[in-house]
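Undergrad: I'm passing along model.pdb; it holds PDB, C-alpha atoms, pLDDT in the B column.
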ATOM      1  CA  ASN A   1     131.463 -56.970  32.172  1.00 54.00           C
ATOM      2  CA  ALA A   2     127.745 -57.523  31.740  1.00 73.00           C
ATOM      3  CA  GLY A   3     127.991 -60.561  29.479  1.00 92.00           C
ATOM      4  CA  VAL A   4     125.607 -61.241  26.622  1.00 96.00           C
ATOM      5  CA  MET A   5     122.339 -59.409  27.230  1.00 97.00           C
ATOM      6  CA  GLN A   6     119.089 -60.554  25.700  1.00 98.00           C
ATOM      7  CA  ASN A   7     115.679 -58.975  25.954  1.00 97.00           C
ATOM      8  CA  PRO A   8     112.948 -59.521  26.545  1.00 98.00           C
ATOM      9  CA  ARG A   9     113.328 -62.646  28.698  1.00 97.00           C
ATOM     10  CA  HIS A  10     109.794 -63.713  27.900  1.00 98.00           C
ATOM     11  CA  LEU A  11     107.676 -62.720  24.927  1.00 98.00           C
ATOM     12  CA  VAL A  12     104.090 -63.707  24.203  1.00 98.00           C
ATOM     13  CA  ARG A  13     102.692 -63.119  20.747  1.00 98.00           C
ATOM     14  CA  ARG A  14      99.421 -64.042  19.064  1.00 98.00           C
ATOM     15  CA  ARG A  15      99.544 -65.943  15.804  1.00 98.00           C
ATOM     16  CA  GLY A  16     100.214 -63.567  12.924  1.00 98.00           C
ATOM     17  CA  GLN A  17     102.019 -60.934  15.005  1.00 98.00           C
ATOM     18  CA  GLU A  18     105.677 -60.005  14.765  1.00 98.00           C
ATOM     19  CA  ALA A  19     108.329 -60.923  17.329  1.00 98.00           C
ATOM     20  CA  ARG A  20     111.524 -58.904  17.804  1.00 98.00           C
ATOM     21  CA  LEU A  21     114.303 -60.371  19.906  1.00 98.00           C
ATOM     22  CA  ARG A  22     117.304 -58.278  20.899  1.00 98.00           C
ATOM     23  CA  CYS A  23     120.862 -59.225  21.752  1.00 98.00           C
ATOM     24  CA  SER A  24     123.781 -57.118  22.907  1.00 97.00           C
ATOM     25  CA  PRO A  25     127.080 -59.011  22.721  1.00 96.00           C
ATOM     26  CA  MET A  26     129.767 -59.004  25.355  1.00 94.00           C
ATOM     27  CA  LYS A  27     132.022 -55.988  25.357  1.00 91.00           C
ATOM     28  CA  GLY A  28     134.790 -56.513  22.843  1.00 86.00           C
ATOM     29  CA  HIS A  29     132.908 -59.225  20.919  1.00 90.00           C
ATOM     30  CA  SER A  30     132.067 -58.446  17.316  1.00 89.00           C
ATOM     31  CA  HIS A  31     130.529 -61.784  16.322  1.00 93.00           C
ATOM     32  CA  VAL A  32     126.940 -62.748  17.123  1.00 96.00           C
ATOM     33  CA  TYR A  33     125.183 -66.097  16.722  1.00 97.00           C
ATOM     34  CA  TRP A  34     121.526 -67.004  17.158  1.00 98.00           C
ATOM     35  CA  TYR A  35     120.329 -70.459  18.198  1.00 98.00           C
ATOM     36  CA  ARG A  36     116.863 -71.913  18.703  1.00 97.00           C
ATOM     37  CA  GLN A  37     115.999 -74.488  21.339  1.00 94.00           C
ATOM     38  CA  LEU A  38     112.756 -76.430  21.364  1.00 88.00           C
ATOM     39  CA  PRO A  39     111.645 -77.972  24.695  1.00 82.00           C
ATOM     40  CA  GLU A  40     113.731 -80.999  25.677  1.00 78.00           C
ATOM     41  CA  GLU A  41     115.993 -80.570  22.654  1.00 84.00           C
ATOM     42  CA  GLY A  42     119.455 -79.248  21.883  1.00 87.00           C
ATOM     43  CA  LEU A  43     120.349 -75.868  20.456  1.00 94.00           C
ATOM     44  CA  LYS A  44     120.092 -75.515  16.695  1.00 95.00           C
ATOM     45  CA  PHE A  45     122.206 -72.978  14.854  1.00 96.00           C
ATOM     46  CA  MET A  46     120.270 -70.296  12.999  1.00 98.00           C
ATOM     47  CA  VAL A  47     122.513 -67.445  11.891  1.00 97.00           C
ATOM     48  CA  TYR A  48     125.949 -65.876  12.357  1.00 96.00           C
ATOM     49  CA  LEU A  49     126.477 -62.135  11.967  1.00 96.00           C
ATOM     50  CA  GLN A  50     129.248 -59.626  12.196  1.00 93.00           C
ATOM     51  CA  LYS A  51     128.635 -55.899  12.276  1.00 89.00           C
ATOM     52  CA  GLU A  52     126.445 -55.035   9.259  1.00 89.00           C
ATOM     53  CA  ASN A  53     127.043 -58.436   7.651  1.00 94.00           C
ATOM     54  CA  ILE A  54     125.298 -61.795   7.647  1.00 96.00           C
ATOM     55  CA  ILE A  55     128.027 -64.415   7.396  1.00 94.00           C
ATOM     56  CA  ASP A  56     126.069 -67.675   7.629  1.00 95.00           C
ATOM     57  CA  GLU A  57     122.282 -67.947   7.622  1.00 96.00           C
ATOM     58  CA  SER A  58     122.127 -71.614   6.700  1.00 95.00           C
ATOM     59  CA  GLY A  59     120.020 -72.434   9.772  1.00 96.00           C
ATOM     60  CA  MET A  60     117.421 -69.727   9.248  1.00 97.00           C
ATOM     61  CA  PRO A  61     114.014 -70.625   7.818  1.00 95.00           C
ATOM     62  CA  LYS A  62     113.700 -69.099   4.371  1.00 92.00           C
ATOM     63  CA  GLU A  63     110.501 -67.265   5.141  1.00 96.00           C
ATOM     64  CA  ARG A  64     109.381 -64.970   7.970  1.00 98.00           C
ATOM     65  CA  PHE A  65     112.767 -64.974   9.772  1.00 98.00           C
ATOM     66  CA  SER A  66     115.410 -62.287   9.433  1.00 98.00           C
ATOM     67  CA  ALA A  67     118.381 -61.088  11.438  1.00 98.00           C
ATOM     68  CA  GLU A  68     120.520 -58.001  11.517  1.00 97.00           C
ATOM     69  CA  PHE A  69     123.464 -56.615  13.458  1.00 96.00           C
ATOM     70  CA  PRO A  70     123.666 -52.898  12.680  1.00 94.00           C
ATOM     71  CA  LYS A  71     126.703 -50.712  13.104  1.00 91.00           C
ATOM     72  CA  GLU A  72     125.128 -49.206  16.194  1.00 91.00           C
ATOM     73  CA  GLY A  73     122.874 -51.052  18.600  1.00 93.00           C
ATOM     74  CA  PRO A  74     121.988 -54.657  19.347  1.00 96.00           C
ATOM     75  CA  SER A  75     121.485 -57.566  17.010  1.00 98.00           C
ATOM     76  CA  ILE A  76     117.825 -58.190  16.189  1.00 98.00           C
ATOM     77  CA  LEU A  77     116.155 -61.485  15.326  1.00 98.00           C
ATOM     78  CA  ARG A  78     112.814 -60.763  13.719  1.00 98.00           C
ATOM     79  CA  ILE A  79     110.034 -63.266  13.162  1.00 98.00           C
ATOM     80  CA  GLN A  80     107.108 -62.094  11.093  1.00 98.00           C
ATOM     81  CA  GLN A  81     103.615 -63.599  11.186  1.00 98.00           C
ATOM     82  CA  VAL A  82     104.475 -65.952  14.018  1.00 98.00           C
ATOM     83  CA  VAL A  83     102.940 -69.427  14.199  1.00 97.00           C
ATOM     84  CA  ARG A  84     102.649 -71.810  17.159  1.00 96.00           C
ATOM     85  CA  GLY A  85     105.651 -73.768  15.880  1.00 95.00           C
ATOM     86  CA  ASP A  86     107.852 -70.715  16.467  1.00 97.00           C
ATOM     87  CA  SER A  87     107.402 -71.139  20.227  1.00 97.00           C
ATOM     88  CA  ALA A  88     110.873 -71.867  21.567  1.00 97.00           C
ATOM     89  CA  ALA A  89     113.786 -70.417  23.482  1.00 97.00           C
ATOM     90  CA  TYR A  90     116.031 -68.272  21.321  1.00 98.00           C
ATOM     91  CA  PHE A  91     119.610 -67.877  22.486  1.00 98.00           C
ATOM     92  CA  CYS A  92     122.147 -65.370  21.362  1.00 98.00           C
ATOM     93  CA  ALA A  93     125.870 -65.933  21.751  1.00 97.00           C
ATOM     94  CA  SER A  94     128.885 -63.803  21.020  1.00 95.00           C
ATOM     95  CA  SER A  95     132.570 -64.346  20.495  1.00 92.00           C
ATOM     96  CA  PRO A  96     135.701 -62.427  19.723  1.00 86.00           C
ATOM     97  CA  GLN A  97     137.480 -62.872  16.410  1.00 77.00           C
ATOM     98  CA  GLY A  98     138.297 -66.525  15.782  1.00 67.00           C
ATOM     99  CA  ALA A  99     136.047 -68.080  18.455  1.00 66.00           C
ATOM    100  CA  ASN A 100     138.442 -70.985  18.889  1.00 69.00           C
ATOM    101  CA  ARG A 101     137.260 -71.653  22.435  1.00 73.00           C
ATOM    102  CA  GLY A 102     133.502 -71.537  21.900  1.00 80.00           C
ATOM    103  CA  TYR A 103     130.913 -68.861  22.434  1.00 90.00           C
ATOM    104  CA  THR A 104     129.426 -67.021  25.415  1.00 93.00           C
ATOM    105  CA  PHE A 105     125.657 -67.332  25.646  1.00 96.00           C
ATOM    106  CA  GLY A 106     122.942 -65.042  26.922  1.00 97.00           C
ATOM    107  CA  SER A 107     120.025 -66.171  29.059  1.00 96.00           C
ATOM    108  CA  GLY A 108     117.681 -66.419  26.102  1.00 97.00           C
ATOM    109  CA  THR A 109     114.268 -65.132  25.087  1.00 98.00           C
ATOM    110  CA  ARG A 110     111.385 -67.524  25.566  1.00 97.00           C
ATOM    111  CA  LEU A 111     108.834 -66.924  22.853  1.00 98.00           C
ATOM    112  CA  THR A 112     105.325 -68.251  23.311  1.00 98.00           C
ATOM    113  CA  VAL A 113     102.866 -67.998  20.450  1.00 98.00           C
ATOM    114  CA  VAL A 114      99.232 -68.264  21.492  1.00 97.00           C
TER     115      VAL A 114
ATOM    116  CA  GLY B   1     125.238 -86.877   7.975  1.00 34.00           C
ATOM    117  CA  GLU B   2     127.539 -85.317  10.504  1.00 38.00           C
ATOM    118  CA  SER B   3     126.240 -85.026  14.028  1.00 45.00           C
ATOM    119  CA  VAL B   4     127.041 -84.871  17.667  1.00 55.00           C
ATOM    120  CA  GLY B   5     124.810 -87.118  19.776  1.00 50.00           C
ATOM    121  CA  LEU B   6     124.475 -88.575  23.222  1.00 46.00           C
ATOM    122  CA  HIS B   7     124.014 -92.092  24.567  1.00 45.00           C
ATOM    123  CA  LEU B   8     121.868 -91.348  27.625  1.00 46.00           C
ATOM    124  CA  PRO B   9     119.095 -88.766  27.805  1.00 85.00           C
ATOM    125  CA  THR B  10     118.729 -88.877  31.619  1.00 89.00           C
ATOM    126  CA  LEU B  11     121.177 -89.716  34.385  1.00 93.00           C
ATOM    127  CA  SER B  12     120.229 -89.973  38.069  1.00 95.00           C
ATOM    128  CA  VAL B  13     122.965 -90.066  40.707  1.00 96.00           C
ATOM    129  CA  GLN B  14     123.279 -89.839  44.463  1.00 97.00           C
ATOM    130  CA  GLU B  15     124.901 -86.796  45.952  1.00 97.00           C
ATOM    131  CA  GLY B  16     128.588 -87.486  46.460  1.00 97.00           C
ATOM    132  CA  ASP B  17     128.840 -90.098  43.725  1.00 97.00           C
ATOM    133  CA  ASN B  18     130.767 -89.562  40.513  1.00 97.00           C
ATOM    134  CA  SER B  19     128.832 -88.859  37.304  1.00 97.00           C
ATOM    135  CA  ILE B  20     129.801 -89.798  33.771  1.00 96.00           C
ATOM    136  CA  ILE B  21     128.012 -88.249  30.810  1.00 96.00           C
ATOM    137  CA  ASN B  22     128.768 -89.634  27.370  1.00 93.00           C
ATOM    138  CA  CYS B  23     128.676 -88.250  23.878  1.00 92.00           C
ATOM    139  CA  ALA B  24     129.353 -89.694  20.423  1.00 90.00           C
ATOM    140  CA  TYR B  25     130.408 -87.642  17.446  1.00 86.00           C
ATOM    141  CA  SER B  26     130.825 -88.447  13.794  1.00 79.00           C
ATOM    142  CA  ASN B  27     132.928 -85.594  12.397  1.00 78.00           C
ATOM    143  CA  SER B  28     136.636 -86.243  12.786  1.00 75.00           C
ATOM    144  CA  ALA B  29     137.602 -82.785  11.529  1.00 81.00           C
ATOM    145  CA  SER B  30     136.511 -80.821  14.606  1.00 85.00           C
ATOM    146  CA  ASP B  31     139.252 -78.913  16.384  1.00 85.00           C
ATOM    147  CA  TYR B  32     137.664 -78.487  19.801  1.00 90.00           C
ATOM    148  CA  PHE B  33     135.041 -80.329  21.811  1.00 93.00           C
ATOM    149  CA  ILE B  34     133.219 -78.436  24.525  1.00 94.00           C
ATOM    150  CA  TRP B  35     130.903 -79.317  27.383  1.00 96.00           C
ATOM    151  CA  TYR B  36     128.176 -76.871  28.345  1.00 96.00           C
ATOM    152  CA  LYS B  37     125.885 -76.908  31.370  1.00 97.00           C
ATOM    153  CA  GLN B  38     122.375 -75.499  31.083  1.00 95.00           C
ATOM    154  CA  GLU B  39     120.348 -74.875  34.216  1.00 94.00           C
ATOM    155  CA  SER B  40     116.615 -74.413  34.030  1.00 90.00           C
ATOM    156  CA  GLY B  41     115.691 -71.069  32.485  1.00 90.00           C
ATOM    157  CA  LYS B  42     119.264 -70.139  31.677  1.00 93.00           C
ATOM    158  CA  GLY B  43     121.610 -70.173  28.732  1.00 95.00           C
ATOM    159  CA  PRO B  44     124.385 -72.719  28.203  1.00 95.00           C
ATOM    160  CA  GLN B  45     127.401 -72.161  30.398  1.00 95.00           C
ATOM    161  CA  PHE B  46     130.905 -73.261  29.388  1.00 94.00           C
ATOM    162  CA  ILE B  47     132.329 -76.001  31.617  1.00 95.00           C
ATOM    163  CA  ILE B  48     135.431 -77.356  29.952  1.00 96.00           C
ATOM    164  CA  ASP B  49     136.842 -77.967  26.513  1.00 95.00           C
ATOM    165  CA  ILE B  50     139.405 -80.250  24.968  1.00 95.00           C
ATOM    166  CA  ARG B  51     141.410 -79.883  21.841  1.00 93.00           C
ATOM    167  CA  SER B  52     141.270 -82.698  19.319  1.00 92.00           C
ATOM    168  CA  ASN B  53     144.980 -83.536  19.811  1.00 93.00           C
ATOM    169  CA  MET B  54     144.446 -84.288  23.515  1.00 95.00           C
ATOM    170  CA  ASP B  55     143.040 -87.349  25.303  1.00 96.00           C
ATOM    171  CA  LYS B  56     142.216 -85.904  28.696  1.00 97.00           C
ATOM    172  CA  ARG B  57     141.780 -82.555  30.370  1.00 97.00           C
ATOM    173  CA  GLN B  58     140.987 -81.835  33.989  1.00 97.00           C
ATOM    174  CA  GLY B  59     139.288 -78.920  35.633  1.00 95.00           C
ATOM    175  CA  GLN B  60     137.864 -78.343  39.061  1.00 93.00           C
ATOM    176  CA  ARG B  61     135.884 -81.545  39.832  1.00 96.00           C
ATOM    177  CA  VAL B  62     135.427 -82.186  36.104  1.00 98.00           C
ATOM    178  CA  THR B  63     137.411 -84.246  33.628  1.00 98.00           C
ATOM    179  CA  VAL B  64     136.823 -84.559  29.910  1.00 97.00           C
ATOM    180  CA  LEU B  65     138.051 -87.612  28.028  1.00 97.00           C
ATOM    181  CA  LEU B  66     138.340 -87.830  24.265  1.00 96.00           C
ATOM    182  CA  ASN B  67     138.672 -91.160  22.454  1.00 94.00           C
ATOM    183  CA  LYS B  68     139.241 -90.372  18.815  1.00 90.00           C
ATOM    184  CA  THR B  69     139.435 -94.024  17.820  1.00 90.00           C
ATOM    185  CA  VAL B  70     135.780 -94.623  18.644  1.00 91.00           C
ATOM    186  CA  LYS B  71     134.746 -90.952  18.342  1.00 90.00           C
ATOM    187  CA  HIS B  72     133.589 -90.754  21.922  1.00 92.00           C
ATOM    188  CA  LEU B  73     133.632 -87.896  24.413  1.00 94.00           C
ATOM    189  CA  SER B  74     132.807 -88.065  28.108  1.00 96.00           C
ATOM    190  CA  LEU B  75     132.405 -85.673  31.001  1.00 97.00           C
ATOM    191  CA  GLN B  76     133.202 -86.927  34.478  1.00 98.00           C
ATOM    192  CA  ILE B  77     131.995 -84.988  37.504  1.00 98.00           C
ATOM    193  CA  ALA B  78     133.556 -85.949  40.807  1.00 98.00           C
ATOM    194  CA  ALA B  79     131.578 -85.861  44.071  1.00 97.00           C
ATOM    195  CA  THR B  80     128.394 -84.731  42.354  1.00 97.00           C
ATOM    196  CA  GLN B  81     126.489 -82.012  44.193  1.00 97.00           C
ATOM    197  CA  PRO B  82     122.838 -80.879  43.988  1.00 96.00           C
ATOM    198  CA  GLY B  83     124.034 -77.753  42.185  1.00 96.00           C
ATOM    199  CA  ASP B  84     125.279 -79.970  39.362  1.00 97.00           C
ATOM    200  CA  SER B  85     121.686 -80.837  38.433  1.00 97.00           C
ATOM    201  CA  ALA B  86     121.220 -79.496  34.911  1.00 96.00           C
ATOM    202  CA  VAL B  87     121.219 -80.513  31.259  1.00 95.00           C
ATOM    203  CA  TYR B  88     124.680 -81.116  29.855  1.00 96.00           C
ATOM    204  CA  PHE B  89     125.488 -80.663  26.189  1.00 95.00           C
ATOM    205  CA  CYS B  90     128.519 -81.731  24.281  1.00 94.00           C
ATOM    206  CA  ALA B  91     129.345 -79.495  21.358  1.00 94.00           C
ATOM    207  CA  GLU B  92     131.977 -79.419  18.697  1.00 92.00           C
ATOM    208  CA  LEU B  93     133.703 -76.434  17.200  1.00 89.00           C
ATOM    209  CA  ARG B  94     133.971 -77.211  13.544  1.00 85.00           C
ATOM    210  CA  LEU B  95     135.559 -75.127  10.804  1.00 83.00           C
ATOM    211  CA  SER B  96     132.705 -74.460   8.396  1.00 82.00           C
ATOM    212  CA  GLY B  97     132.480 -71.796   5.716  1.00 80.00           C
ATOM    213  CA  GLY B  98     135.645 -70.135   6.954  1.00 81.00           C
ATOM    214  CA  TYR B  99     134.697 -69.810  10.625  1.00 83.00           C
ATOM    215  CA  ASN B 100     134.452 -71.942  13.768  1.00 85.00           C
ATOM    216  CA  LYS B 101     130.855 -73.130  13.987  1.00 89.00           C
ATOM    217  CA  LEU B 102     129.518 -74.482  17.270  1.00 92.00           C
ATOM    218  CA  ILE B 103     127.306 -77.560  16.795  1.00 92.00           C
ATOM    219  CA  PHE B 104     125.402 -79.029  19.749  1.00 92.00           C
ATOM    220  CA  GLY B 105     124.317 -82.524  20.666  1.00 85.00           C
ATOM    221  CA  ALA B 106     120.894 -83.344  22.103  1.00 76.00           C
ATOM    222  CA  GLY B 107     121.764 -83.114  25.809  1.00 90.00           C
ATOM    223  CA  THR B 108     121.724 -85.308  28.931  1.00 93.00           C
ATOM    224  CA  ARG B 109     119.728 -84.360  31.994  1.00 94.00           C
ATOM    225  CA  LEU B 110     121.625 -84.953  35.240  1.00 96.00           C
ATOM    226  CA  ALA B 111     119.469 -85.336  38.355  1.00 95.00           C
ATOM    227  CA  VAL B 112     121.303 -85.377  41.694  1.00 96.00           C
ATOM    228  CA  HIS B 113     119.443 -86.908  44.636  1.00 94.00           C
ATOM    229  CA  PRO B 114     120.317 -86.270  48.293  1.00 90.00           C
TER     230      PRO B 114
END
What's the structure tokens form of this structure?

TA:
Amino acid sequence: NAGVMQNPRHLVRRRGQEARLRCSPMKGHSHVYWYRQLPEEGLKFMVYLQKENIIDESGMPKERFSAEFPKEGPSILRIQQVVRGDSAAYFCASSPQGANRGYTFGSGTRLTVV
Amino acid sequence: GESVGLHLPTLSVQEGDNSIINCAYSNSASDYFIWYKQESGKGPQFIIDIRSNMDKRQGQRVTVLLNKTVKHLSLQIAATQPGDSAVYFCAELRLSGGYNKLIFGAGTRLAVHP
């Protein structure tokens, strides 16, 4: 059981470029969550997806950010026209139906915007 | 507003001593409270959880205490080891929008000295 897999581990983008972060949930998990963590801060909820559906995107910025979890393949968090303030660690987590014991997290993607 | 927060941002202990990490919460409706450990460069790792109808739960070297009267949660680590050095987050699993949403506090850094 490979756990939650995120790639890339590190991503450097220039201001104005696009960033694509990928997440493959644990085997048997159909629910995916994305969190953002700024340095020395806690994790902030961004979005919750099930296959082909966005369930809760209340933590997503209204502009430039989007997420998807297609029928086939990993979940993608996409940030268009990145700015320096987007620099952070982005964590993906997954859970089975119900998630009444918390989520399992990946190792994160560290995005640096230069 | 509703939040999960911590009393102490940094805790330094001697190897072999017991550690106590505290957390305050404001939402009484949460069903589960969870402690996560985050080592440098890694994602949060589940340590132990406690259901809201319990006062105490013990694991291997760790104990979680829940005081619902004062809305306080603590994590006790017995015989702290250098490998326990990490940032510890309390989190609550709260029913929101029809699903269990995981909401994190700000974190406490535990530094274990030999």

Undergrad: Under the PyMOL selection byres ((chain B) within 8 of (chain A)), which residues of this model are included? Write them out as a list in words.

TA: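 Checking the PyMOL selection byres ((chain B) within 8 of (chain A)) against this file, the residues are Tyr32, Ile34, Gly41, Lys42, Gly43, Pro44, Gln45, Phe46, Asp49, Phe89, Leu93, Gly97, Tyr99, Asn100, Leu102, Ile103, Phe104, Gly105, Ala106 and Gly107 of chain B.
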
Undergrad: Please provide as a PyMOL selection string all residues within 8 Å of A:Gly73, with the sequence filter that same-chain residues fewer than 3 positions apart are discarded (counting only C-alpha atoms).

TA: chain A and resi 24+69-70

Undergrad: Quick one: pull the distance between atom CA of A:His10 and atom CA of A:Ser75, Å, one decimal.

TA: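 Interatomic distance here is 17.1 Å.
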
Undergrad: Report as a list of chain:residue names the full result of the PyMOL selection byres ((chain A and resi 20) around 9) when it is applied to this structure.

TA: A:Pro8, A:Leu11, A:Glu18, A:Ala19, A:Leu21, A:Arg22, A:Ile76, A:Leu77, A:Arg78, A:Ile79, A:Gln80

Undergrad: Expand the PyMOL selection byres ((chain A and resi 30) around 10) into the individual residues it matches in the shown file, reporting them as a PyMOL selection string.

TA: chain A and resi 25-29+31-32+49-51+69+94-97

Undergrad: Could you please determine the separation between atom CA of B:Gly59 and atom CA of B:Pro82 in Å, to one decimal place?

TA: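 Those two atoms sit 18.6 Å apart.
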
Undergrad: I want to know what sits within 10 Å of B:Asn67, based on all atoms listed in the file, with residues of the same chain fewer than 6 positions away left out; could you give that as a list in words?

TA: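 The contact residues come out as Ala24, Ser52, Met54, Asp55, Lys56, Leu73 and Ser74 of chain B.
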
Undergrad: Could you tell me how far atom CA of A:Asn53 lies from atom CA of B:Tyr36, in Å and to one decimal?

TA: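 So the answer is 27.7 Å.
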
Undergrad: Excluding B:Ala111 and any residue of its chain fewer than 4 positions from it, enumerate the residues within 12 Å of it, using all atoms listed in the file, and give them as a PyMOL selection string.

TA: chain B and resi 9-15+17+19+21+39+80-88

Undergrad: For C-alpha atoms, I'd like the residues from the last selection saved as a PDB file, in the coordinates of the input.

TA:
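Result went into result-v3.pdb, see below:
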ATOM      1  CA  PRO B   9     119.095 -88.766  27.805  1.00 85.00           C
ATOM      2  CA  THR B  10     118.729 -88.877  31.619  1.00 89.00           C
ATOM      3  CA  LEU B  11     121.177 -89.716  34.385  1.00 93.00           C
ATOM      4  CA  SER B  12     120.229 -89.973  38.069  1.00 95.00           C
ATOM      5  CA  VAL B  13     122.965 -90.066  40.707  1.00 96.00           C
ATOM      6  CA  GLN B  14     123.279 -89.839  44.463  1.00 97.00           C
ATOM      7  CA  GLU B  15     124.901 -86.796  45.952  1.00 97.00           C
ATOM      8  CA  ASP B  17     128.840 -90.098  43.725  1.00 97.00           C
ATOM      9  CA  SER B  19     128.832 -88.859  37.304  1.00 97.00           C
ATOM     10  CA  ILE B  21     128.012 -88.249  30.810  1.00 96.00           C
ATOM     11  CA  GLU B  39     120.348 -74.875  34.216  1.00 94.00           C
ATOM     12  CA  THR B  80     128.394 -84.731  42.354  1.00 97.00           C
ATOM     13  CA  GLN B  81     126.489 -82.012  44.193  1.00 97.00           C
ATOM     14  CA  PRO B  82     122.838 -80.879  43.988  1.00 96.00           C
ATOM     15  CA  GLY B  83     124.034 -77.753  42.185  1.00 96.00           C
ATOM     16  CA  ASP B  84     125.279 -79.970  39.362  1.00 97.00           C
ATOM     17  CA  SER B  85     121.686 -80.837  38.433  1.00 97.00           C
ATOM     18  CA  ALA B  86     121.220 -79.496  34.911  1.00 96.00           C
ATOM     19  CA  VAL B  87     121.219 -80.513  31.259  1.00 95.00           C
ATOM     20  CA  TYR B  88     124.680 -81.116  29.855  1.00 96.00           C
TER      21      TYR B  88
END

Undergrad: Point out the residue among B:Asn22, B:Val112, B:Arg94, B:Gly16 with the least atom-to-atom distance to B:Gln76, counting all atoms listed in the file.

TA: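 Once distances to B:Gln76 are computed over all atoms listed in the file, the minimum belongs to B:Asn22.
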